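J.: Input structure: start32.cif, which contains mmCIF, C-alpha atoms (C1' of nucleotides).
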```
data_structure
loop_
_atom_site.label_atom_id
_atom_site.label_comp_id
_atom_site.auth_asym_id
_atom_site.auth_seq_id
_atom_site.Cartn_x
_atom_site.Cartn_y
_atom_site.Cartn_z
CA MET A 1 0.00 0.00 0.00
CA SER A 2 1.27 3.42 -0.94
CA ILE A 3 0.58 7.02 -0.08
CA SER A 4 -1.76 8.43 -2.71
CA SER A 5 -0.22 9.71 -5.91
CA ARG A 6 -2.06 12.98 -5.26
CA PHE A 7 1.16 13.99 -3.56
CA ALA A 8 3.28 13.29 -6.65
CA VAL A 9 0.68 14.92 -8.87
CA GLY A 10 0.63 17.99 -6.63
CA ILE A 11 4.39 18.32 -7.07
CA HIS A 12 3.94 17.84 -10.80
CA ILE A 13 1.33 20.59 -10.99
CA LEU A 14 3.38 23.11 -9.05
CA SER A 15 6.48 22.38 -11.11
CA LEU A 16 4.50 22.78 -14.29
CA LEU A 17 3.04 26.10 -13.14
CA GLU A 18 6.56 27.38 -12.64
CA ILE A 19 8.11 26.06 -15.83
CA ASN A 20 5.08 27.07 -17.86
CA LYS A 21 4.41 30.32 -16.08
CA ASP A 22 4.15 32.36 -19.27
CA GLN A 23 1.22 30.29 -20.51
CA VAL A 24 -2.31 29.85 -19.27
CA ASN A 25 -2.36 26.55 -17.43
CA THR A 26 -5.87 25.17 -17.67
CA SER A 27 -6.86 21.96 -15.92
CA GLU A 28 -7.08 20.32 -19.32
CA TRP A 29 -3.55 21.32 -20.24
CA ILE A 30 -2.16 20.21 -16.89
CA ALA A 31 -4.08 16.94 -17.21
CA SER A 32 -2.43 16.24 -20.54
CA SER A 33 0.98 16.63 -18.91
CA VAL A 34 0.12 14.47 -15.91
CA ASN A 35 -1.83 12.07 -18.12
CA THR A 36 -5.05 11.99 -16.22
CA ASN A 37 -8.53 13.51 -16.21
CA PRO A 38 -9.00 17.30 -15.85
CA VAL A 39 -11.37 16.74 -12.95
CA VAL A 40 -8.62 15.00 -11.02
CA ILE A 41 -6.42 18.03 -11.61
CA ARG A 42 -9.13 20.45 -10.51
CA LYS A 43 -9.64 18.48 -7.34
CA ILE A 44 -5.95 18.51 -6.47
CA THR A 45 -5.60 22.14 -7.52
CA GLY A 46 -8.43 22.83 -5.11
CA TYR A 47 -6.38 21.33 -2.29
CA LEU A 48 -3.39 23.42 -3.29
CA LYS A 49 -5.58 26.50 -3.35
CA ASN A 50 -6.94 25.83 0.13
CA ALA A 51 -3.36 25.59 1.35
CA GLY A 52 -2.55 28.96 -0.23
CA LEU A 53 -0.09 27.52 -2.72
CA VAL A 54 -1.85 28.49 -5.95
CA HIS A 55 -4.32 31.04 -7.23
CA VAL A 56 -7.27 29.73 -9.19
CA ARG A 57 -10.77 31.11 -9.64
CA PRO A 58 -14.06 29.82 -11.05
CA GLY A 59 -14.63 30.92 -14.59
CA ILE A 60 -11.10 32.22 -15.09
CA ALA A 61 -8.87 29.93 -17.11
CA GLY A 62 -5.62 28.76 -15.59
CA ALA A 63 -3.93 28.37 -12.24
CA CYS A 64 -0.78 30.12 -11.11
CA LEU A 65 1.59 29.95 -8.18
CA ALA A 66 0.69 31.94 -5.08
CA ARG A 67 4.17 31.76 -3.59
CA ASP A 68 7.78 31.66 -4.66
CA ILE A 69 8.72 28.05 -5.32
CA LYS A 70 11.67 28.42 -2.95
CA GLU A 71 9.08 28.90 -0.24
CA ILE A 72 7.08 25.78 -1.06
CA SER A 73 8.46 22.65 0.58
CA LEU A 74 7.41 19.13 -0.29
CA LEU A 75 5.93 19.00 3.20
CA ASP A 76 3.66 21.92 2.30
CA VAL A 77 2.40 19.94 -0.69
CA TYR A 78 2.14 16.72 1.30
CA LYS A 79 -0.06 18.38 3.89
CA ALA A 80 -2.04 20.31 1.29
CA VAL A 81 -3.27 17.29 -0.62
CA ASN A 82 -4.46 15.41 2.47
CA VAL A 83 -2.86 12.09 1.71
CA VAL A 84 -2.27 11.37 5.40
CA GLN A 85 -4.32 12.66 8.30
CA GLU A 86 -2.57 14.41 11.16
CA ASN A 87 -0.54 11.84 13.12
CA GLU A 88 -2.19 8.92 11.36
CA LEU A 89 0.50 7.65 9.02
CA PHE A 90 0.53 4.39 10.96
CA GLY A 91 -2.74 2.62 11.55
CA VAL A 92 -3.37 1.04 14.94
CA HIS A 93 -5.74 -1.72 15.95
CA GLU A 94 -8.73 -0.49 17.88
CA GLN A 95 -9.70 -1.57 21.38
CA PRO A 96 -7.03 -4.07 22.40
CA ASN A 97 -8.03 -6.02 25.49
CA PRO A 98 -7.69 -3.79 28.59
CA ALA A 99 -7.67 -6.88 30.79
CA CYS A 100 -4.27 -7.78 29.30
CA LEU A 101 -1.08 -6.05 30.39
CA VAL A 102 -0.03 -5.64 26.78
CA GLY A 103 -3.45 -4.77 25.41
CA LYS A 104 -3.92 -2.15 28.06
CA ASN A 105 -0.71 -0.27 27.36
CA ILE A 106 0.39 -1.04 23.82
CA GLN A 107 -1.25 1.94 22.19
CA GLN A 108 0.23 4.52 24.50
CA ALA A 109 3.59 2.79 24.15
CA ILE A 110 3.75 2.86 20.37
CA GLU A 111 2.03 6.20 19.75
CA PRO A 112 5.10 8.34 20.46
CA LEU A 113 7.30 5.94 18.49
CA PHE A 114 5.06 6.18 15.46
CA ALA A 115 4.83 9.95 15.87
CA SER A 116 8.58 10.29 15.91
CA ALA A 117 9.01 8.14 12.79
CA GLN A 118 6.37 10.19 11.04
CA LEU A 119 8.16 13.34 12.13
CA ALA A 120 11.41 12.08 10.63
CA LEU A 121 9.60 11.57 7.35
CA GLU A 122 8.11 15.03 7.43
CA LYS A 123 11.42 16.65 8.28
CA ALA A 124 12.93 15.06 5.20
CA LEU A 125 10.11 16.44 3.07
CA GLU A 126 10.51 19.84 4.66
CA ASN A 127 14.10 20.09 3.50
CA VAL A 128 13.21 19.99 -0.18
CA THR A 129 11.39 22.70 -2.12
CA ILE A 130 9.59 22.85 -5.44
CA ALA A 131 12.50 25.01 -6.59
CA ASP A 132 14.80 22.02 -6.06
CA VAL A 133 12.48 19.83 -8.08
CA VAL A 134 12.18 22.35 -10.90
CA SER A 135 15.91 22.90 -11.20
CA ASP A 136 16.44 19.15 -11.20
CA ILE A 137 13.86 18.71 -13.96
CA ILE A 138 15.60 21.32 -16.08
CA LYS A 139 19.01 19.83 -15.38
CA ARG A 140 17.86 16.34 -16.27
CA ASP A 141 16.30 17.53 -19.48
CA GLN A 142 19.45 19.35 -20.56
CA SER A 143 21.71 16.40 -19.86
CA GLY A 144 19.17 14.20 -21.64
CA MET A 145 19.39 16.43 -24.71
CA VAL A 146 23.16 16.23 -24.69
CA GLU A 147 22.99 12.46 -24.58
CA ASN A 148 20.61 12.47 -27.51
CA LYS A 149 23.01 14.56 -29.49
CA LYS A 150 25.78 12.01 -29.12
CA PRO A 151 25.06 9.01 -31.32
CA GLY A 152 26.26 5.82 -29.72
CA ASP A 153 25.69 7.03 -26.20
CA LEU A 154 23.47 4.97 -23.94
CA MET B 1 -4.88 6.64 4.33
CA SER B 2 -2.79 4.84 6.90
CA ILE B 3 -0.18 2.12 6.87
CA SER B 4 -1.91 -1.16 7.75
CA SER B 5 -2.39 -1.92 11.42
CA ARG B 6 -0.65 -5.24 10.74
CA PHE B 7 2.46 -3.35 11.78
CA ALA B 8 1.01 -2.34 15.14
CA VAL B 9 -0.43 -5.81 15.62
CA GLY B 10 2.96 -7.35 14.83
CA ILE B 11 4.52 -5.24 17.57
CA HIS B 12 1.69 -6.25 19.89
CA ILE B 13 2.25 -9.94 19.20
CA LEU B 14 5.99 -9.83 19.77
CA SER B 15 5.58 -7.86 22.98
CA LEU B 16 3.01 -10.33 24.20
CA LEU B 17 5.26 -13.30 23.40
CA GLU B 18 7.92 -11.74 25.59
CA ILE B 19 5.77 -10.69 28.50
CA ASN B 20 3.86 -13.95 28.39
CA LYS B 21 6.78 -16.18 27.60
CA ASP B 22 6.02 -18.68 30.37
CA GLN B 23 2.64 -19.47 28.88
CA VAL B 24 1.57 -21.15 25.65
CA ASN B 25 0.55 -18.33 23.32
CA THR B 26 -2.02 -19.74 20.94
CA SER B 27 -3.46 -17.66 18.13
CA GLU B 28 -6.74 -17.60 20.00
CA TRP B 29 -5.14 -16.26 23.13
CA ILE B 30 -3.19 -13.62 21.23
CA ALA B 31 -6.33 -12.68 19.35
CA SER B 32 -8.15 -12.05 22.61
CA SER B 33 -5.42 -9.62 23.66
CA VAL B 34 -5.34 -7.83 20.29
CA ASN B 35 -9.12 -8.04 20.02
CA THR B 36 -9.39 -9.59 16.60
CA ASN B 37 -9.88 -12.93 14.88
CA PRO B 38 -7.39 -15.79 15.43
CA VAL B 39 -6.97 -16.14 11.67
CA VAL B 40 -5.71 -12.58 11.48
CA ILE B 41 -3.15 -13.42 14.14
CA ARG B 42 -2.06 -16.59 12.35
CA LYS B 43 -1.57 -14.65 9.14
CA ILE B 44 0.58 -12.00 10.80
CA THR B 45 2.43 -14.61 12.82
CA GLY B 46 3.17 -16.28 9.50
CA TYR B 47 4.81 -13.08 8.27
CA LEU B 48 6.85 -12.85 11.46
CA LYS B 49 7.88 -16.48 11.04
CA ASN B 50 9.01 -15.92 7.45
CA ALA B 51 11.17 -13.06 8.70
CA GLY B 52 12.73 -15.33 11.31
CA LEU B 53 11.30 -13.40 14.25
CA VAL B 54 9.16 -16.14 15.79
CA HIS B 55 8.97 -19.90 15.95
CA VAL B 56 5.62 -21.47 15.19
CA ARG B 57 4.72 -24.88 13.76
CA PRO B 58 1.60 -26.51 12.38
CA GLY B 59 -0.15 -28.67 14.94
CA ILE B 60 1.92 -27.38 17.84
CA ALA B 61 0.13 -24.88 20.02
CA GLY B 62 1.71 -21.50 20.58
CA ALA B 63 4.29 -19.19 19.07
CA CYS B 64 7.49 -18.04 20.70
CA LEU B 65 10.23 -15.55 19.99
CA ALA B 66 13.06 -16.65 17.73
CA ARG B 67 15.38 -13.83 18.72
CA ASP B 68 16.21 -11.67 21.72
CA ILE B 69 13.83 -8.72 21.72
CA LYS B 70 16.81 -6.38 21.95
CA GLU B 71 17.69 -7.64 18.49
CA ILE B 72 14.30 -7.00 16.96
CA SER B 73 13.85 -3.45 15.72
CA LEU B 74 10.54 -1.92 14.69
CA LEU B 75 11.99 -1.81 11.18
CA ASP B 76 12.38 -5.60 11.28
CA VAL B 77 8.70 -5.89 12.11
CA TYR B 78 7.69 -3.25 9.58
CA LYS B 79 9.44 -5.12 6.81
CA ALA B 80 8.24 -8.50 8.02
CA VAL B 81 4.54 -7.73 7.81
CA ASN B 82 4.71 -6.33 4.27
CA VAL B 83 2.76 -3.16 4.88
CA VAL B 84 4.84 -1.22 2.35
CA GLN B 85 6.60 -2.64 -0.69
CA GLU B 86 10.28 -1.91 -1.21
CA ASN B 87 10.66 1.78 -2.11
CA GLU B 88 6.96 2.24 -2.66
CA LEU B 89 5.85 4.22 0.35
CA PHE B 90 4.92 7.07 -1.97
CA GLY B 91 2.71 6.36 -4.94
CA VAL B 92 3.49 8.01 -8.25
CA HIS B 93 1.28 8.69 -11.23
CA GLU B 94 1.97 6.40 -14.17
CA GLN B 95 3.00 7.53 -17.64
CA PRO B 96 3.16 11.31 -17.44
CA ASN B 97 3.36 12.91 -20.86
CA PRO B 98 6.89 12.44 -22.31
CA ALA B 99 6.21 15.27 -24.77
CA CYS B 100 6.17 17.68 -21.85
CA LEU B 101 9.36 18.88 -20.17
CA VAL B 102 7.85 18.25 -16.76
CA GLY B 103 6.09 15.00 -17.63
CA LYS B 104 9.25 13.62 -19.11
CA ASN B 105 11.43 14.20 -16.07
CA ILE B 106 9.21 14.46 -13.02
CA GLN B 107 9.46 10.83 -12.00
CA GLN B 108 13.22 10.66 -12.05
CA ALA B 109 13.33 13.96 -10.21
CA ILE B 110 11.10 12.93 -7.32
CA GLU B 111 12.17 9.31 -6.99
CA PRO B 112 15.35 10.03 -4.99
CA LEU B 113 13.50 12.57 -2.87
CA PHE B 114 10.82 10.07 -1.96
CA ALA B 115 13.45 7.41 -1.34
CA SER B 116 15.32 9.64 1.06
CA ALA B 117 12.16 10.54 2.98
CA GLN B 118 11.28 6.87 3.20
CA LEU B 119 14.79 6.14 4.41
CA ALA B 120 14.43 8.74 7.17
CA LEU B 121 11.28 6.97 8.31
CA GLU B 122 12.96 3.59 8.30
CA LYS B 123 15.99 4.87 10.20
CA ALA B 124 13.67 6.11 12.93
CA LEU B 125 12.05 2.68 13.13
CA GLU B 126 15.42 1.02 13.18
CA ASN B 127 16.44 2.87 16.34
CA VAL B 128 13.71 1.32 18.46
CA THR B 129 13.49 -2.31 19.53
CA ILE B 130 10.75 -4.53 20.89
CA ALA B 131 12.72 -4.45 24.14
CA ASP B 132 12.07 -0.70 24.30
CA VAL B 133 8.37 -1.26 23.74
CA VAL B 134 8.16 -4.03 26.35
CA SER B 135 9.94 -2.04 29.03
CA ASP B 136 7.71 0.92 28.27
CA ILE B 137 4.60 -1.23 28.59
CA ILE B 138 5.76 -2.52 31.96
CA LYS B 139 6.69 0.94 33.13
CA ARG B 140 3.35 2.40 32.09
CA ASP B 141 1.50 -0.37 33.82
CA GLN B 142 3.39 0.09 37.07
CA SER B 143 2.85 3.83 37.14
CA GLY B 144 -0.80 3.19 36.30
CA MET B 145 -1.06 0.83 39.27
CA VAL B 146 0.48 3.43 41.58
CA GLU B 147 -2.06 5.97 40.39
CA ASN B 148 -4.85 3.51 41.08
CA LYS B 149 -3.59 3.01 44.59
CA LYS B 150 -3.87 6.72 45.36
CA PRO B 151 -7.52 7.66 45.74
CA GLY B 152 -8.21 11.13 44.45
CA ASP B 153 -5.50 10.95 41.82
CA LEU B 154 -6.41 11.50 38.18
"C1'" DT C 1 -8.44 -41.96 16.90
"C1'" DT C 2 -9.97 -38.08 19.29
"C1'" DA C 3 -9.03 -33.39 20.41
"C1'" DC C 4 -6.97 -29.35 19.23
"C1'" DA C 5 -3.71 -26.28 16.97
"C1'" DT C 6 -1.77 -24.07 12.78
"C1'" DG C 7 -2.01 -22.91 7.67
"C1'" DT C 8 -4.67 -21.24 4.13
"C1'" DA C 9 -8.31 -20.61 0.70
"C1'" DA C 10 -12.55 -18.26 -0.08
"C1'" DT C 11 -15.76 -14.82 0.94
"C1'" DA C 12 -17.85 -10.54 2.52
"C1'" DA C 13 -17.86 -5.83 4.26
"C1'" DT C 14 -15.68 -1.61 4.30
"C1'" DA C 15 -12.71 2.06 2.76
"C1'" DT C 16 -9.99 4.58 -0.43
"C1'" DA C 17 -8.11 5.79 -4.89
"C1'" DA C 18 -8.60 7.22 -9.45
"C1'" DG C 19 -11.21 7.95 -13.58
"C1'" DT C 20 -15.37 9.60 -15.76
"C1'" DT C 21 -19.80 11.92 -16.76
"C1'" DA C 22 -22.82 15.55 -15.91
"C1'" DC C 23 -23.92 19.87 -14.64
"C1'" DA C 24 -24.06 24.24 -11.83
"C1'" DG C 25 -21.95 28.63 -11.59
"C1'" DG C 26 -18.51 32.28 -12.87
"C1'" DT C 27 -16.10 35.09 -16.58
"C1'" DT C 28 -15.12 37.11 -20.95
"C1'" DG C 29 -15.89 38.81 -25.59
"C1'" DC C 30 -19.04 39.59 -29.13
"C1'" DG D 1 -27.84 39.44 -23.42
"C1'" DC D 2 -25.70 35.34 -24.93
"C1'" DA D 3 -22.51 32.08 -26.58
"C1'" DA D 4 -18.18 29.94 -25.48
"C1'" DC D 5 -15.27 28.37 -22.13
"C1'" DC D 6 -13.50 27.67 -17.65
"C1'" DT D 7 -13.61 26.03 -12.64
"C1'" DG D 8 -16.10 23.57 -8.81
"C1'" DT D 9 -18.44 19.66 -7.41
"C1'" DA D 10 -21.63 15.85 -6.98
"C1'" DA D 11 -22.47 11.21 -8.43
"C1'" DC D 12 -21.09 7.03 -10.19
"C1'" DT D 13 -17.86 3.33 -11.60
"C1'" DT D 14 -13.89 0.40 -11.31
"C1'" DA D 15 -10.09 -1.34 -8.94
"C1'" DT D 16 -7.53 -2.45 -4.96
"C1'" DA D 17 -6.42 -3.19 0.06
"C1'" DT D 18 -7.84 -4.11 4.67
"C1'" DT D 19 -10.04 -6.60 8.16
"C1'" DA D 20 -13.08 -10.09 9.77
"C1'" DT D 21 -15.05 -14.50 9.19
"C1'" DT D 22 -16.14 -19.33 7.81
"C1'" DA D 23 -14.56 -23.64 6.35
"C1'" DC D 24 -11.41 -27.04 5.97
"C1'" DA D 25 -6.87 -29.42 5.15
"C1'" DT D 26 -2.87 -30.70 7.67
"C1'" DG D 27 0.03 -31.65 11.66
"C1'" DT D 28 0.72 -33.12 16.66
"C1'" DA D 29 0.04 -35.54 20.88
"C1'" DA D 30 -2.49 -37.90 24.62
#
```
Using structure tokens, write down the structure from this file.
T.:
Amino acid sequence: MSISSRFAVGIHILSLLEINKDQVNTSEWIASSVNTNPVVIRKITGYLKNAGLVHVRPGIAGACLARDIKEISLLDVYKAVNVVQENELFGVHEQPNPACLVGKNIQQAIEPLFASAQLALEKALENVTIADVVSDIIKRDQSGMVENKKPGDL
Amino acid sequence: MSISSRFAVGIHILSLLEINKDQVNTSEWIASSVNTNPVVIRKITGYLKNAGLVHVRPGIAGACLARDIKEISLLDVYKAVNVVQENELFGVHEQPNPACLVGKNIQQAIEPLFASAQLALEKALENVTIADVVSDIIKRDQSGMVENKKPGDL
DNA sequence: TTACATGTAATAATATAAGTTACAGGTTGC
DNA sequence: GCAACCTGTAACTTATATTATTACATGTAA
């Protein structure tokens, strides 16, 4: 089981809005880049809007960034798209037997451990910004073009 | 969306096997502590057995630990119960448009970022053992008992 | 051989993800 | 105003995973 691809798509959308900032980025256009349905894009763009990451309005074509991409961390996106509820990355079994020493105390024992693991994950996401992703995309594309220009390479 | 509670249940089972090591821990008995069906326990116990964490045999009642609990990290359990496939904690959208600069490079750009976040999570789980959980359970229970002995406390 | 445990297949109920259709409501240009 | 086009959203479908449950085959021991 994986964390919903809404997270990856959210990163995709924000990167696209930056790289394509001179164009009008409609949900249909974004969807053709992500390779999905425009409604899926509008839904995720709605999440990003609620988090204050993009500007988008009914009736007006196109979304655009609401913040400098250096100020948008992957954690911002992760939280925006609601792929994991607050402190619920790890599921726990409900109502273990309180008559058992283990059942009575297991939840309180593992809660802080799970929380700290989740925090470690979030810290890692906090250290990366959309600007990092965008510059990596551009870098990869340039090196890819160089490779293509050299016959025999691969 | 949460990571399957199989992980939490796996920790519960191993802790119970330690605390209750003088008894015969049948799947039915464990199930009554976890508050679930014995078949669920047998399935998870099977995962733990495949990972070399417990001993359990067909026809013979009860499971027992195969390793010192100081040598069983939460990461061992996490991997044993197959809640997340290798390097697939984060889902990604399939087949983004290769004709688009972003679509063409987004996956390779985010893959290492996701991998490093996942690694941070796993490192956190690696630093905690079942021994830590067991001693915490015992500690919590003792302090709980003290509280119960003082009327008026709460 | 009886009693009982584990292993496992099959099924059902529930939840979530992701795609799709349909349409309401907002905006712009003619 | 109205036609064209966009976003927002509800409703539905399909697919997949989880958890619980029943049923039964297989293994062990008194």
J.: Expand the PyMOL selection byres ((chain B) within 10 of (chain D)) into the individual residues it matches in the shown file, reporting them as an MDAnalysis selection string.
T.: chainID B and resid 4:6 36:40 57:61
J.: What is the CA of Gly91 in chain A-CA of His12 in chain B distance in Å, reported with one decimal?
T.: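 According to the coordinates, CA of Gly91 in chain A and CA of His12 in chain B are separated by 13.0 Å.
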J.: Hey, what's within 8 Å of Asn97 in chain B if we count only C-alpha atoms (C1' of nucleotides) and toss same-chain stuff fewer than 6 positions away? As a PyMOL selection string, please?
T.: (chain A and resi 32-35) or (chain B and resi 103-104)
J.: Using all C-alpha atoms paired in order, least-squares fit chain B onto chain A and give me the moved copy as a compact mmCIF listing (two decimals) with C-alpha atoms, keeping the file's coordinate frame.
T.:
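See part_4.txt below for the written result:
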```txt
# COMPACT_ATOMS: atom_id res chain seq x y z
CA MET B 1 -0.11 0.08 0.19
CA SER B 2 1.21 3.43 -0.91
CA ILE B 3 0.54 7.04 -0.04
CA SER B 4 -1.81 8.46 -2.69
CA SER B 5 -0.24 9.71 -5.89
CA ARG B 6 -2.08 12.98 -5.25
CA PHE B 7 1.15 13.99 -3.56
CA ALA B 8 3.26 13.28 -6.63
CA VAL B 9 0.66 14.90 -8.86
CA GLY B 10 0.64 17.98 -6.62
CA ILE B 11 4.39 18.30 -7.06
CA HIS B 12 3.94 17.80 -10.80
CA ILE B 13 1.34 20.56 -10.99
CA LEU B 14 3.39 23.10 -9.06
CA SER B 15 6.49 22.35 -11.11
CA LEU B 16 4.51 22.74 -14.30
CA LEU B 17 3.05 26.07 -13.16
CA GLU B 18 6.58 27.34 -12.68
CA ILE B 19 8.14 26.02 -15.84
CA ASN B 20 5.11 27.02 -17.87
CA LYS B 21 4.43 30.27 -16.11
CA ASP B 22 4.18 32.31 -19.32
CA GLN B 23 1.27 30.23 -20.55
CA VAL B 24 -2.29 29.79 -19.32
CA ASN B 25 -2.33 26.49 -17.44
CA THR B 26 -5.85 25.13 -17.69
CA SER B 27 -6.85 21.93 -15.93
CA GLU B 28 -7.07 20.27 -19.31
CA TRP B 29 -3.56 21.26 -20.24
CA ILE B 30 -2.17 20.15 -16.89
CA ALA B 31 -4.08 16.90 -17.19
CA SER B 32 -2.44 16.19 -20.52
CA SER B 33 0.99 16.57 -18.91
CA VAL B 34 0.11 14.42 -15.89
CA ASN B 35 -1.84 12.01 -18.09
CA THR B 36 -5.09 11.96 -16.19
CA ASN B 37 -8.55 13.49 -16.18
CA PRO B 38 -9.00 17.28 -15.85
CA VAL B 39 -11.38 16.75 -12.94
CA VAL B 40 -8.62 15.02 -11.01
CA ILE B 41 -6.41 18.04 -11.61
CA ARG B 42 -9.12 20.47 -10.53
CA LYS B 43 -9.63 18.53 -7.32
CA ILE B 44 -5.94 18.54 -6.46
CA THR B 45 -5.59 22.16 -7.53
CA GLY B 46 -8.42 22.88 -5.11
CA TYR B 47 -6.38 21.36 -2.29
CA LEU B 48 -3.36 23.43 -3.30
CA LYS B 49 -5.55 26.54 -3.39
CA ASN B 50 -6.92 25.87 0.10
CA ALA B 51 -3.34 25.63 1.33
CA GLY B 52 -2.53 28.98 -0.26
CA LEU B 53 -0.07 27.52 -2.75
CA VAL B 54 -1.83 28.47 -5.98
CA HIS B 55 -4.28 31.03 -7.28
CA VAL B 56 -7.23 29.72 -9.24
CA ARG B 57 -10.74 31.12 -9.72
CA PRO B 58 -14.01 29.83 -11.10
CA GLY B 59 -14.60 30.92 -14.67
CA ILE B 60 -11.06 32.19 -15.15
CA ALA B 61 -8.85 29.88 -17.14
CA GLY B 62 -5.60 28.70 -15.62
CA ALA B 63 -3.91 28.35 -12.26
CA CYS B 64 -0.76 30.10 -11.15
CA LEU B 65 1.62 29.95 -8.22
CA ALA B 66 0.73 31.93 -5.13
CA ARG B 67 4.19 31.76 -3.62
CA ASP B 68 7.82 31.63 -4.69
CA ILE B 69 8.72 28.00 -5.33
CA LYS B 70 11.69 28.38 -2.99
CA GLU B 71 9.10 28.87 -0.27
CA ILE B 72 7.10 25.77 -1.06
CA SER B 73 8.46 22.63 0.58
CA LEU B 74 7.39 19.10 -0.28
CA LEU B 75 5.92 18.98 3.22
CA ASP B 76 3.67 21.93 2.31
CA VAL B 77 2.40 19.95 -0.66
CA TYR B 78 2.12 16.73 1.32
CA LYS B 79 -0.06 18.40 3.90
CA ALA B 80 -2.05 20.33 1.31
CA VAL B 81 -3.28 17.30 -0.60
CA ASN B 82 -4.48 15.44 2.49
CA VAL B 83 -2.87 12.11 1.74
CA VAL B 84 -2.27 11.40 5.43
CA GLN B 85 -4.32 12.69 8.34
CA GLU B 86 -2.57 14.44 11.21
CA ASN B 87 -0.54 11.85 13.15
CA GLU B 88 -2.19 8.95 11.39
CA LEU B 89 0.49 7.68 9.06
CA PHE B 90 0.52 4.42 10.99
CA GLY B 91 -2.75 2.63 11.60
CA VAL B 92 -3.38 1.06 14.98
CA HIS B 93 -5.74 -1.71 15.99
CA GLU B 94 -8.76 -0.48 17.92
CA GLN B 95 -9.72 -1.58 21.42
CA PRO B 96 -7.06 -4.06 22.44
CA ASN B 97 -8.04 -6.02 25.53
CA PRO B 98 -7.72 -3.78 28.64
CA ALA B 99 -7.68 -6.91 30.82
CA CYS B 100 -4.32 -7.80 29.34
CA LEU B 101 -1.11 -6.08 30.43
CA VAL B 102 -0.06 -5.66 26.81
CA GLY B 103 -3.49 -4.78 25.44
CA LYS B 104 -3.94 -2.16 28.09
CA ASN B 105 -0.73 -0.29 27.38
CA ILE B 106 0.37 -1.06 23.84
CA GLN B 107 -1.27 1.93 22.22
CA GLN B 108 0.22 4.50 24.53
CA ALA B 109 3.57 2.78 24.19
CA ILE B 110 3.72 2.86 20.40
CA GLU B 111 2.01 6.19 19.79
CA PRO B 112 5.10 8.33 20.50
CA LEU B 113 7.28 5.93 18.52
CA PHE B 114 5.04 6.19 15.49
CA ALA B 115 4.83 9.95 15.91
CA SER B 116 8.58 10.29 15.94
CA ALA B 117 8.99 8.13 12.83
CA GLN B 118 6.34 10.19 11.09
CA LEU B 119 8.14 13.34 12.16
CA ALA B 120 11.39 12.06 10.66
CA LEU B 121 9.58 11.56 7.37
CA GLU B 122 8.09 15.02 7.46
CA LYS B 123 11.41 16.65 8.30
CA ALA B 124 12.91 15.03 5.22
CA LEU B 125 10.09 16.43 3.10
CA GLU B 126 10.49 19.81 4.68
CA ASN B 127 14.10 20.07 3.52
CA VAL B 128 13.22 19.97 -0.17
CA THR B 129 11.41 22.67 -2.12
CA ILE B 130 9.61 22.82 -5.44
CA ALA B 131 12.53 24.97 -6.58
CA ASP B 132 14.80 21.96 -6.03
CA VAL B 133 12.49 19.77 -8.07
CA VAL B 134 12.20 22.31 -10.90
CA SER B 135 15.93 22.83 -11.20
CA ASP B 136 16.43 19.08 -11.18
CA ILE B 137 13.88 18.64 -13.95
CA ILE B 138 15.62 21.26 -16.06
CA LYS B 139 19.02 19.77 -15.36
CA ARG B 140 17.88 16.27 -16.25
CA ASP B 141 16.34 17.48 -19.45
CA GLN B 142 19.47 19.32 -20.53
CA SER B 143 21.73 16.36 -19.86
CA GLY B 144 19.20 14.18 -21.68
CA MET B 145 19.39 16.50 -24.69
CA VAL B 146 23.19 16.34 -24.69
CA GLU B 147 23.01 12.56 -24.67
CA ASN B 148 20.62 12.65 -27.60
CA LYS B 149 23.01 14.82 -29.53
CA LYS B 150 25.80 12.25 -29.22
CA PRO B 151 25.06 9.31 -31.49
CA GLY B 152 26.24 6.06 -29.99
CA ASP B 153 25.66 7.22 -26.43
CA LEU B 154 23.37 5.21 -24.17
```
J.: Can you work out the spacing between CA of Val81 in chain A and CA of Lys49 in chain A in Å, to one decimal?
T.: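 Computing the Euclidean distance for CA of Val81 in chain A and CA of Lys49 in chain A yields 9.9 Å.
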J.: How close does chain B get to chain A? List, as a tab-separated table, each residue of chain B within 7 Å, its nearest atom pair and the distance in Å to one decimal, counting all atoms listed in the file.
T.:
```
residue	atom	partner	partner_atom	distance
B:Met1	CA	A:Val84	CA	5.5
B:Ser2	CA	A:Leu89	CA	4.8
B:Ile3	CA	A:Phe90	CA	4.7
B:Ser4	CA	A:Gly91	CA	5.4
B:Ser5	CA	A:Gly91	CA	4.6
B:Ala8	CA	A:Val92	CA	5.5
B:Val9	CA	A:His93	CA	6.7
B:His12	CA	A:Ile106	CA	6.7
B:Leu16	CA	A:Val102	CA	6.2
B:Ser32	CA	A:Asn97	CA	6.7
B:Ser33	CA	A:Asn97	CA	4.8
B:Val34	CA	A:Pro96	CA	4.6
B:Asn35	CA	A:Pro96	CA	5.1
B:Val83	CA	A:Met1	CA	6.4
B:Val84	CA	A:Met1	CA	5.5
B:Glu88	CA	A:Ser2	CA	6.1
B:Leu89	CA	A:Ser2	CA	4.8
B:Phe90	CA	A:Ile3	CA	4.7
B:Gly91	CA	A:Ser5	CA	4.6
B:Val92	CA	A:Ser5	CA	4.7
B:His93	CA	A:Ser5	CA	5.6
B:Gln95	CA	A:Asn35	CA	6.6
B:Pro96	CA	A:Val34	CA	4.6
B:Asn97	CA	A:Ser33	CA	4.8
B:Cys100	CA	A:Ser33	CA	6.1
B:Val102	CA	A:Leu16	CA	6.2
B:Gly103	CA	A:Ser33	CA	5.5
B:Asn105	CA	A:Ile137	CA	5.5
B:Ile106	CA	A:Ile137	CA	6.4
B:Ala109	CA	A:Ile137	CA	6.1
B:Ala117	CA	A:Ala124	CA	5.1
B:Gln118	CA	A:Leu121	CA	6.5
B:Ala120	CA	A:Leu121	CA	5.6
B:Leu121	CA	A:Leu121	CA	5.0
B:Ala124	CA	A:Ala117	CA	5.1
B:Leu125	CA	A:Ala117	CA	6.3
B:Val133	CA	A:Ala109	CA	6.3
B:Asp136	CA	A:Ala109	CA	6.1
B:Ile137	CA	A:Asn105	CA	5.5
B:Arg140	CA	A:Asn105	CA	6.8
B:Asp141	CA	A:Asn105	CA	6.8
```
